[in-house]
>>> print(open('input22.cif').read())   # mmCIF, C-alpha atoms
data_input
loop_
_atom_site.label_atom_id
_atom_site.label_comp_id
_atom_site.auth_asym_id
_atom_site.auth_seq_id
_atom_site.Cartn_x
_atom_site.Cartn_y
_atom_site.Cartn_z
CA MET A 13 15.43 -20.61 -7.17
CA ARG A 14 13.80 -23.35 -9.25
CA GLY A 15 12.97 -23.09 -12.93
CA LEU A 16 9.65 -21.91 -14.29
CA ASP A 17 9.36 -25.03 -16.43
CA ASP A 18 9.95 -27.44 -13.53
CA PRO A 19 7.18 -30.11 -13.77
CA ALA A 20 6.56 -29.69 -10.03
CA ASN A 21 5.95 -25.94 -10.41
CA PRO A 22 2.37 -25.25 -9.18
CA TYR A 23 2.25 -21.97 -11.16
CA LEU A 24 3.27 -23.49 -14.47
CA GLU A 25 0.15 -22.33 -16.34
CA ALA A 26 -0.24 -19.00 -14.52
CA TYR A 27 2.78 -17.04 -15.77
CA GLU A 28 2.20 -13.98 -17.91
CA PRO A 29 4.72 -12.71 -20.52
CA TRP A 30 6.06 -10.11 -18.05
CA ASP A 31 6.75 -12.87 -15.50
CA LEU A 32 8.90 -14.67 -18.06
CA TRP A 33 10.69 -11.40 -18.82
CA VAL A 34 11.48 -10.74 -15.14
CA TYR A 35 12.71 -14.29 -14.65
CA MET A 36 15.01 -14.08 -17.69
CA HIS A 37 16.45 -10.75 -16.51
CA GLU A 38 17.37 -11.87 -13.01
CA PRO A 39 21.16 -11.26 -12.60
CA SER A 40 22.20 -14.93 -12.57
CA MET A 41 20.13 -15.55 -15.72
CA LEU A 42 21.73 -12.55 -17.41
CA GLU A 43 25.19 -13.80 -16.45
CA ALA A 44 24.32 -17.18 -17.93
CA GLN A 45 23.61 -15.32 -21.17
CA GLY A 46 27.14 -13.90 -21.09
CA LEU A 47 26.41 -10.41 -19.79
CA SER A 48 28.86 -8.88 -17.32
CA ASN A 49 28.39 -6.28 -14.58
CA VAL A 50 24.68 -7.10 -14.57
CA GLY A 51 24.16 -5.43 -11.20
CA ILE A 52 24.97 -2.03 -12.69
CA SER A 53 21.97 -0.13 -13.97
CA ARG A 54 22.22 1.19 -17.51
CA ASP A 55 20.40 4.03 -19.25
CA GLY A 56 16.81 3.03 -19.86
CA TRP A 57 16.94 0.12 -17.42
CA ASN A 58 14.47 -0.37 -14.60
CA ARG A 59 14.28 -2.72 -11.63
CA TYR A 60 11.51 -5.28 -11.31
CA SER A 61 10.84 -7.81 -8.58
CA MET A 62 9.19 -11.21 -8.39
CA SER A 63 8.26 -13.09 -5.24
CA VAL A 64 9.49 -16.61 -4.57
CA ASP A 65 7.62 -19.15 -2.44
CA GLU A 66 9.01 -21.39 0.30
CA ASN A 67 9.77 -24.13 -2.23
CA GLY A 68 11.85 -21.85 -4.45
CA PHE A 69 9.28 -21.32 -7.21
CA PRO A 70 8.78 -17.77 -8.58
CA VAL A 71 5.22 -16.59 -7.93
CA PRO A 72 3.42 -14.80 -10.79
CA ARG A 73 3.31 -11.07 -10.05
CA LEU A 74 -0.48 -10.78 -10.22
CA MET A 75 -0.89 -13.79 -7.93
CA ALA A 76 1.54 -12.34 -5.37
CA LYS A 77 -0.25 -8.98 -5.44
CA ARG A 78 -3.62 -10.67 -5.01
CA ASP A 79 -2.21 -12.52 -2.00
CA ASN A 80 -1.26 -9.17 -0.45
CA TYR A 81 -4.67 -7.64 -1.11
CA GLU A 82 -6.46 -10.72 0.26
CA ARG A 83 -4.50 -10.44 3.49
CA LEU A 84 -5.37 -6.76 3.71
CA LYS A 85 -9.02 -7.55 3.06
CA HIS A 86 -9.02 -9.94 6.00
CA GLY A 87 -7.21 -7.53 8.29
CA SER A 88 -3.72 -8.95 8.05
CA ASP A 89 -0.66 -6.84 7.39
CA ALA A 90 0.52 -7.53 3.85
CA GLU A 91 3.83 -5.79 4.50
CA THR A 92 4.89 -8.13 7.31
CA GLU A 93 2.91 -11.33 6.84
CA ALA A 94 4.53 -13.07 3.89
CA GLY A 95 1.95 -15.74 3.06
CA ARG A 96 3.25 -17.97 0.30
CA CYS A 97 6.02 -15.49 -0.59
CA THR A 98 9.17 -15.85 1.51
CA HIS A 99 11.70 -13.85 -0.51
CA SER A 100 12.05 -12.21 -3.91
CA ILE A 101 14.29 -11.91 -6.91
CA GLN A 102 15.28 -8.67 -8.60
CA ALA A 103 15.55 -8.10 -12.33
CA LEU A 104 17.22 -5.36 -14.35
CA GLY A 105 16.60 -4.30 -17.91
CA ALA A 106 14.57 -2.29 -20.38
CA MET A 107 11.20 -4.00 -20.65
CA ASP A 108 9.40 -3.41 -23.95
CA PHE A 109 7.02 -0.47 -23.51
CA ASP A 110 3.95 -2.37 -24.69
CA LEU A 111 4.69 -5.28 -22.33
CA GLN A 112 5.31 -2.90 -19.43
CA HIS A 113 2.07 -1.06 -20.22
CA ARG A 114 0.04 -4.29 -20.27
CA MET A 115 1.59 -5.36 -16.97
CA GLN A 116 0.74 -1.99 -15.38
CA LEU A 117 -2.85 -2.13 -16.62
CA ALA A 118 -3.31 -5.63 -15.21
CA GLU A 119 -1.84 -4.61 -11.85
CA ASP A 120 -3.96 -1.44 -11.78
CA ALA A 121 -7.12 -3.45 -12.46
CA LEU A 122 -6.30 -5.66 -9.48
CA LEU A 123 -5.66 -2.60 -7.31
CA GLY A 124 -9.00 -1.09 -8.36
CA GLU A 125 -10.77 -4.36 -7.61
CA TYR A 126 -9.64 -4.44 -3.99
CA MET A 127 -9.57 -0.78 -3.06
CA PRO A 128 -12.71 1.06 -1.91
CA GLU A 129 -14.54 3.14 -4.50
CA ILE A 130 -12.39 6.19 -5.25
CA PRO A 131 -14.46 9.40 -5.53
CA GLN A 132 -13.72 11.60 -8.52
CA TRP A 133 -12.96 14.66 -6.40
CA LEU A 134 -10.20 12.76 -4.60
CA ALA A 135 -8.62 11.40 -7.79
CA ARG A 136 -8.65 14.82 -9.45
CA GLY A 137 -6.83 16.47 -6.55
CA ALA A 138 -4.93 13.49 -5.20
CA PRO A 139 -2.97 14.33 -2.03
CA GLU A 140 0.30 12.67 -1.03
CA TRP A 141 -1.71 9.74 0.32
CA ALA A 142 -5.25 9.03 1.43
CA MET A 143 -7.36 6.28 2.94
CA ILE A 144 -11.09 5.73 2.50
CA LEU A 145 -12.73 4.59 5.72
CA PRO A 146 -15.66 2.15 5.94
CA ASP A 147 -18.28 4.93 6.13
CA GLY A 148 -16.84 6.63 3.05
CA GLU A 149 -15.05 9.43 4.87
CA VAL A 150 -11.57 10.24 3.59
CA VAL A 151 -8.39 10.91 5.54
CA SER A 152 -5.51 12.42 3.62
CA TYR A 153 -1.95 13.49 4.28
CA GLY A 154 -1.85 16.97 2.84
CA PRO A 155 -4.99 18.62 1.46
CA ALA A 156 -6.96 17.24 -1.46
CA GLY A 157 -7.68 19.58 -4.35
CA SER A 158 -6.37 20.84 -7.64
CA MET A 159 -2.59 20.74 -7.44
CA GLU A 160 -2.41 23.72 -9.82
CA GLN A 161 -4.29 25.75 -7.21
CA LEU A 162 -2.67 24.30 -4.11
CA VAL A 163 1.05 24.17 -4.77
CA PRO A 164 1.96 27.86 -5.36
CA GLY A 165 0.51 29.12 -2.07
CA LEU A 166 0.81 25.96 -0.01
CA ILE A 167 3.07 26.33 3.01
CA SER A 168 4.87 23.47 4.72
CA LYS A 169 2.61 23.61 7.77
CA GLU A 170 -0.43 22.78 5.62
CA ARG A 171 1.32 20.00 3.71
CA ASP A 172 2.39 18.24 6.93
CA CYS A 173 -1.13 17.94 8.35
CA PHE A 174 -3.81 15.26 8.10
CA TYR A 175 -7.23 16.20 6.72
CA ARG A 176 -10.66 14.66 7.17
CA TYR A 177 -13.33 14.89 4.46
CA THR A 178 -16.93 13.82 4.01
CA PRO A 179 -17.58 11.26 1.23
CA GLU A 180 -18.60 14.22 -0.95
CA GLY A 181 -15.30 16.05 -0.39
CA ARG A 182 -16.20 18.66 2.23
CA GLN A 183 -13.39 19.25 4.73
CA ILE A 184 -14.40 18.42 8.30
CA ASP A 185 -11.20 18.82 10.26
CA ARG A 186 -7.42 19.14 10.12
CA THR A 187 -4.66 18.17 12.54
CA GLU A 188 -1.70 20.24 13.58
CA PRO A 189 1.80 19.26 12.37
CA GLY A 190 3.21 16.33 14.34
CA GLN A 191 -0.15 14.90 15.40
CA LEU A 192 -1.28 11.40 14.40
CA TRP A 193 -4.13 11.11 11.89
CA LEU A 194 -6.30 9.50 14.57
CA GLN A 195 -6.39 12.93 16.26
CA LEU A 196 -9.05 13.73 13.65
CA PHE A 197 -11.44 11.42 15.52
CA TRP A 198 -10.49 11.64 19.20
CA ASP A 199 -8.00 13.23 21.58
CA VAL A 200 -4.95 11.08 20.85
CA ASP A 201 -2.66 13.75 22.28
CA SER A 202 -4.00 13.02 25.77
CA VAL A 203 -2.88 9.39 25.45
CA VAL A 204 0.50 10.38 24.05
CA ASP A 205 0.98 12.79 26.97
CA LYS A 206 -0.04 10.06 29.41
CA TYR A 207 2.93 7.94 28.33
CA ASN A 208 5.32 10.88 28.17
CA GLY A 209 8.72 9.72 29.42
CA ASP A 210 7.85 6.02 29.21
CA LYS A 211 9.71 3.75 26.80
CA VAL A 212 6.88 3.24 24.34
CA TYR A 213 6.10 3.88 20.71
CA PHE A 214 2.79 4.41 18.94
CA PHE A 215 1.53 3.09 15.64
CA ASP A 216 -1.81 2.59 13.94
CA ARG A 217 -3.24 -0.44 12.21
CA ASN A 218 -6.74 -0.84 10.81
CA GLY A 219 -7.84 2.31 12.63
CA TYR A 220 -6.55 1.21 16.03
CA LEU A 221 -3.91 3.08 18.00
CA ILE A 222 -1.44 0.64 19.54
CA VAL A 223 0.87 1.59 22.40
CA ASN A 224 3.84 -0.77 22.32
CA ASP A 225 6.51 -1.38 24.92
CA ALA A 226 9.82 -0.32 23.35
CA ASP A 227 11.75 -3.11 25.10
CA THR A 228 9.41 -6.10 24.71
CA TYR A 229 7.62 -4.92 21.53
CA LYS A 230 4.37 -6.09 23.13
CA PRO A 231 1.21 -3.94 23.23
CA LEU A 232 0.48 -2.15 26.47
CA ALA A 233 -2.83 -0.71 25.28
CA VAL A 234 -5.09 -0.60 22.23
CA TYR A 235 -7.49 2.26 21.47
CA ASP A 236 -10.36 2.15 18.99
CA LEU A 237 -11.15 4.73 16.31
CA ASP A 238 -13.55 6.44 18.72
CA GLY A 239 -10.95 6.64 21.49
CA SER A 240 -12.32 3.83 23.66
CA ARG A 241 -9.65 1.72 25.33
CA LEU A 242 -9.64 -1.97 24.46
CA GLY A 243 -7.75 -4.92 25.90
CA ALA A 244 -4.05 -5.06 25.09
CA ASN A 245 -4.65 -8.37 23.28
CA HIS A 246 -7.58 -7.11 21.24
CA PRO A 247 -7.41 -8.67 17.73
CA LEU A 248 -6.32 -6.19 15.08
CA ASP A 249 -7.45 -8.36 12.19
CA ASP A 250 -11.21 -7.95 12.69
CA ARG A 251 -11.51 -5.15 10.12
CA ASP A 252 -11.15 -4.95 6.35
CA GLY A 253 -7.62 -3.58 6.06
CA THR A 254 -8.19 -2.21 2.55
CA ARG A 255 -10.33 0.48 4.22
CA TYR A 256 -7.30 1.67 6.16
CA TYR A 257 -4.75 1.23 3.38
CA LYS A 258 -2.79 4.40 2.70
CA MET A 259 -2.92 4.81 -1.08
CA ASP A 260 -0.25 7.14 -2.40
CA ARG A 261 -1.04 9.71 -5.08
CA SER A 262 -0.11 7.41 -7.95
CA GLU A 263 -2.16 4.50 -6.60
CA LEU A 264 -5.21 6.73 -6.09
CA VAL A 265 -5.20 7.89 -9.69
CA ARG A 266 -4.46 4.46 -11.13
CA ALA A 267 -7.14 2.73 -9.01
CA PHE A 268 -9.70 5.39 -9.96
CA LYS A 269 -9.00 4.96 -13.67
CA ALA A 270 -9.16 1.18 -13.39
CA GLN A 271 -12.48 1.37 -11.53
CA GLN A 272 -13.95 3.74 -14.11
CA GLN A 273 -12.75 1.61 -17.01
CA GLY A 274 -14.27 -1.44 -15.30
CA LYS A 275 -17.60 0.39 -15.45
CA GLY A 276 -17.07 1.29 -19.09
CA ARG A 277 -16.45 4.96 -18.34
CA SER A 278 -13.68 7.11 -19.74
CA THR A 279 -11.41 9.13 -17.46
#
>>> encode(input="input22.cif", output="structure tokens")
Amino acid sequence: MRGLDDPANPYLEAYEPWDLWVYMHEPSMLEAQGLSNVGISRDGWNRYSMSVDENGFPVPRLMAKRDNYERLKHGSDAETEAGRCTHSIQALGAMDFDLQHRMQLAEDALLGEYMPEIPQWLARGAPEWAMILPDGEVVSYGPAGSMEQLVPGLISKERDCFYRYTPEGRQIDRTEPGQLWLQLFWDVDSVVDKYNGDKVYFFDRNGYLIVNDADTYKPLAVYDLDGSRLGANHPLDDRDGTRYYKMDRSELVRAFKAQQQGKGRST
């Protein structure tokens, strides 16, 4: 890892105070300051990460997150396609509360900028995770609604299902436990049954169902959101991936607040 103040560092003017903090609390930097057993977490300590590019320069956290969101926006998989970030460093310590708060607000604002508009009804009763599709419909894992009302009488079977809602929050459909969320839109079970016994696995990306060969890891078939079969080599990056991004409960609430604050509204 190269130093932040290296004259060749392309991010020299882009670091925020929290970036400097993370860099200075990376284990080797802490050891250089005379601290021992720096890999052992202490009371009040948290872990923070910072991406590093192919040339060894730490990438500012906001810049790295924007890279991920840009790849999602253009249909790429931010979790597997590294872009400028090739590895990361980990930091340990107790970041000052005010600094941590400012960092979280900045990251939330970026999240709210890239995510689809979060409806108030979804933020108020945020499920375990949800995605907002291009037409505004919502798919959630677990039902959306007031958690005070849901939790006491909610049985496991209901929590382990996917739900489909109109943009206004009216429930349209629900899967059975064990079904894929795409079952909300077409008969995915018939395709799963078709490959029963074959060495395949199923996954979804950008609203497509992909049937992959378990030995070669290559797609055998691709199905669209309406159930139509497409060519096995159909491009999966032709949709805005932020519309199929599974926002967990915390991200939903934070993105909603950031979007409201960006409009000058209180939450």
>>> closest_atom_pairs(input="input22.cif", of="stretch 58-77 of chain A", to="stretch 18-30 of chain A", cutoff="8 Å", atoms="all atoms listed in the file", output="CSV")
residue,atom,partner,partner_atom,distance
A:Phe69,CA,A:Asn21,CA,6.5
A:Val71,CA,A:Tyr23,CA,6.9
A:Pro72,CA,A:Tyr27,CA,5.5
>>> residues_around(input="input22.cif", residues="A:Asp108", least_positions_apart="4", cutoff="10 Å", atoms="all atoms listed in the file", output="PyMOL selection string")
chain A and resi 30+33+112-113
>>> resolve_selection(input="input22.cif", expression="the PyMOL selection byres ((chain A and resi 216) around 12)", output="list in words")
Asp89, Leu192, Trp193, Leu194, Gln195, Val200, Tyr213, Phe214, Phe215, Arg217, Asn218, Gly219, Tyr220, Leu221, Ile222, Val223, Asn224, Pro231, Ala233, Val234, Tyr235, Asp236, Leu237, Leu248, Gly253, Tyr256, Tyr257 and Lys258 of chain A
>>> resolve_selection(input="input22.cif", expression="the PyMOL selection byres ((chain A and resi 122) around 10)", output="CSV table (one decimal) with C-alpha atoms, in the coordinates of the input")
chain,number,residue,atom,x,y,z
A,74,LEU,CA,-0.5,-10.8,-10.2
A,75,MET,CA,-0.9,-13.8,-7.9
A,77,LYS,CA,-0.2,-9.0,-5.4
A,78,ARG,CA,-3.6,-10.7,-5.0
A,81,TYR,CA,-4.7,-7.6,-1.1
A,116,GLN,CA,0.7,-2.0,-15.4
A,117,LEU,CA,-2.8,-2.1,-16.6
A,118,ALA,CA,-3.3,-5.6,-15.2
A,119,GLU,CA,-1.8,-4.6,-11.8
A,120,ASP,CA,-4.0,-1.4,-11.8
A,121,ALA,CA,-7.1,-3.4,-12.5
A,123,LEU,CA,-5.7,-2.6,-7.3
A,124,GLY,CA,-9.0,-1.1,-8.4
A,125,GLU,CA,-10.8,-4.4,-7.6
A,126,TYR,CA,-9.6,-4.4,-4.0
A,127,MET,CA,-9.6,-0.8,-3.1
A,267,ALA,CA,-7.1,2.7,-9.0
A,270,ALA,CA,-9.2,1.2,-13.4
A,271,GLN,CA,-12.5,1.4,-11.5
>>> residues_around(input="input22.cif", residues="A:Met13", least_positions_apart="6", cutoff="9 Å", atoms="only C-alpha atoms", output="NGL selection string")
:A and (64 or 67-70 or 101)
>>> atom_distance(input="input22.cif", atom1="atom CA of A:Arg73", atom2="atom CA of A:Ser61")
8.3 Å
>>> resolve_selection(input="input22.cif", expression="the PyMOL selection byres ((chain A and resi 131) around 8)", output="PyMOL selection string")
chain A and resi 129-130+132-135+179-180+268
>>> closest_residue(input="input22.cif", among="A:Met115, A:Leu264, A:Leu16, A:Val212", to="A:Ala138", atoms="only C-alpha atoms")
A:Leu264
>>> atom_distance(input="input22.cif", atom1="atom CA of A:Ile144", atom2="atom CA of A:Arg186")
15.9 Å
>>> residues_around(input="input22.cif", residues="A:His37", least_positions_apart="6", cutoff="8 Å", atoms="all atoms listed in the file", output="VMD selection string")
chain A and resid 103 to 105
>>> decode(input="input22.cif", residues="stretch 104-116 of chain A", atoms="all heavy atoms", output="compact mmCIF listing (two decimals), in the first residue's frame")
# COMPACT_ATOMS: atom_id res chain seq x y z
N LEU A 104 -9.13 -0.65 12.53
CA LEU A 104 -9.77 -0.90 13.82
C LEU A 104 -9.62 0.32 14.71
O LEU A 104 -8.58 0.97 14.72
CB LEU A 104 -9.12 -2.09 14.52
CG LEU A 104 -9.64 -3.50 14.22
CD1 LEU A 104 -8.72 -4.53 14.88
CD2 LEU A 104 -11.05 -3.67 14.74
N GLY A 105 -10.67 0.64 15.45
CA GLY A 105 -10.55 1.75 16.38
C GLY A 105 -11.89 2.36 16.72
O GLY A 105 -12.93 1.92 16.23
N ALA A 106 -11.86 3.35 17.57
CA ALA A 106 -13.07 4.06 17.99
C ALA A 106 -13.07 5.42 17.31
O ALA A 106 -12.46 6.38 17.80
CB ALA A 106 -13.09 4.21 19.51
N MET A 107 -13.74 5.50 16.17
CA MET A 107 -13.82 6.77 15.45
C MET A 107 -14.67 7.75 16.25
O MET A 107 -15.68 7.37 16.84
CB MET A 107 -14.43 6.54 14.06
CG MET A 107 -14.45 7.80 13.18
SD MET A 107 -15.24 7.54 11.55
CE MET A 107 -14.05 6.47 10.74
N ASP A 108 -14.24 9.01 16.29
CA ASP A 108 -15.01 10.05 16.95
C ASP A 108 -16.44 10.05 16.44
O ASP A 108 -16.69 9.92 15.24
CB ASP A 108 -14.35 11.41 16.68
CG ASP A 108 -15.14 12.57 17.27
OD1 ASP A 108 -15.07 12.76 18.48
OD2 ASP A 108 -15.85 13.24 16.49
N PHE A 109 -17.41 10.17 17.35
CA PHE A 109 -18.82 10.06 16.97
C PHE A 109 -19.20 11.07 15.90
O PHE A 109 -19.90 10.75 14.94
CB PHE A 109 -19.72 10.24 18.20
CG PHE A 109 -21.19 10.24 17.85
CD1 PHE A 109 -21.87 9.05 17.63
CD2 PHE A 109 -21.88 11.44 17.72
CE1 PHE A 109 -23.21 9.05 17.29
CE2 PHE A 109 -23.23 11.45 17.38
CZ PHE A 109 -23.91 10.25 17.17
N ASP A 110 -18.76 12.32 16.05
CA ASP A 110 -19.12 13.35 15.08
C ASP A 110 -18.56 13.02 13.70
O ASP A 110 -19.25 13.18 12.69
CB ASP A 110 -18.59 14.71 15.55
CG ASP A 110 -18.92 15.82 14.56
OD1 ASP A 110 -20.11 16.12 14.38
OD2 ASP A 110 -17.98 16.37 13.95
N LEU A 111 -17.32 12.52 13.65
CA LEU A 111 -16.71 12.17 12.38
C LEU A 111 -17.44 10.98 11.75
O LEU A 111 -17.72 10.97 10.55
CB LEU A 111 -15.23 11.82 12.59
CG LEU A 111 -14.42 11.45 11.33
CD1 LEU A 111 -14.44 12.58 10.32
CD2 LEU A 111 -12.99 11.08 11.70
N GLN A 112 -17.77 9.99 12.59
CA GLN A 112 -18.50 8.83 12.09
C GLN A 112 -19.87 9.24 11.56
O GLN A 112 -20.33 8.74 10.53
CB GLN A 112 -18.65 7.80 13.21
CG GLN A 112 -19.29 6.49 12.78
CD GLN A 112 -19.41 5.52 13.94
OE1 GLN A 112 -19.78 5.91 15.04
NE2 GLN A 112 -19.11 4.26 13.70
N HIS A 113 -20.53 10.16 12.27
CA HIS A 113 -21.85 10.63 11.86
C HIS A 113 -21.77 11.35 10.52
O HIS A 113 -22.62 11.13 9.62
CB HIS A 113 -22.42 11.56 12.93
CG HIS A 113 -23.81 12.04 12.64
ND1 HIS A 113 -24.89 11.19 12.51
CD2 HIS A 113 -24.30 13.30 12.44
CE1 HIS A 113 -25.98 11.89 12.26
NE2 HIS A 113 -25.65 13.16 12.20
N ARG A 114 -20.77 12.20 10.34
CA ARG A 114 -20.62 12.93 9.07
C ARG A 114 -20.33 11.97 7.92
O ARG A 114 -20.82 12.16 6.81
CB ARG A 114 -19.53 13.99 9.20
CG ARG A 114 -19.95 15.19 10.04
CD ARG A 114 -18.96 16.32 9.94
NE ARG A 114 -17.74 16.04 10.66
CZ ARG A 114 -16.51 16.17 10.16
NH1 ARG A 114 -16.34 16.54 8.90
NH2 ARG A 114 -15.45 15.92 10.90
N MET A 115 -19.53 10.95 8.19
CA MET A 115 -19.23 9.95 7.17
C MET A 115 -20.50 9.21 6.77
O MET A 115 -20.76 9.01 5.58
CB MET A 115 -18.18 8.96 7.69
CG MET A 115 -17.84 7.84 6.70
SD MET A 115 -16.63 6.65 7.36
CE MET A 115 -17.66 5.75 8.54
N GLN A 116 -21.31 8.81 7.77
CA GLN A 116 -22.55 8.08 7.49
C GLN A 116 -23.52 8.93 6.69
O GLN A 116 -24.16 8.45 5.75
CB GLN A 116 -23.19 7.62 8.79
CG GLN A 116 -24.37 6.67 8.61
CD GLN A 116 -23.96 5.34 8.03
OE1 GLN A 116 -23.29 4.55 8.69
NE2 GLN A 116 -24.34 5.07 6.79
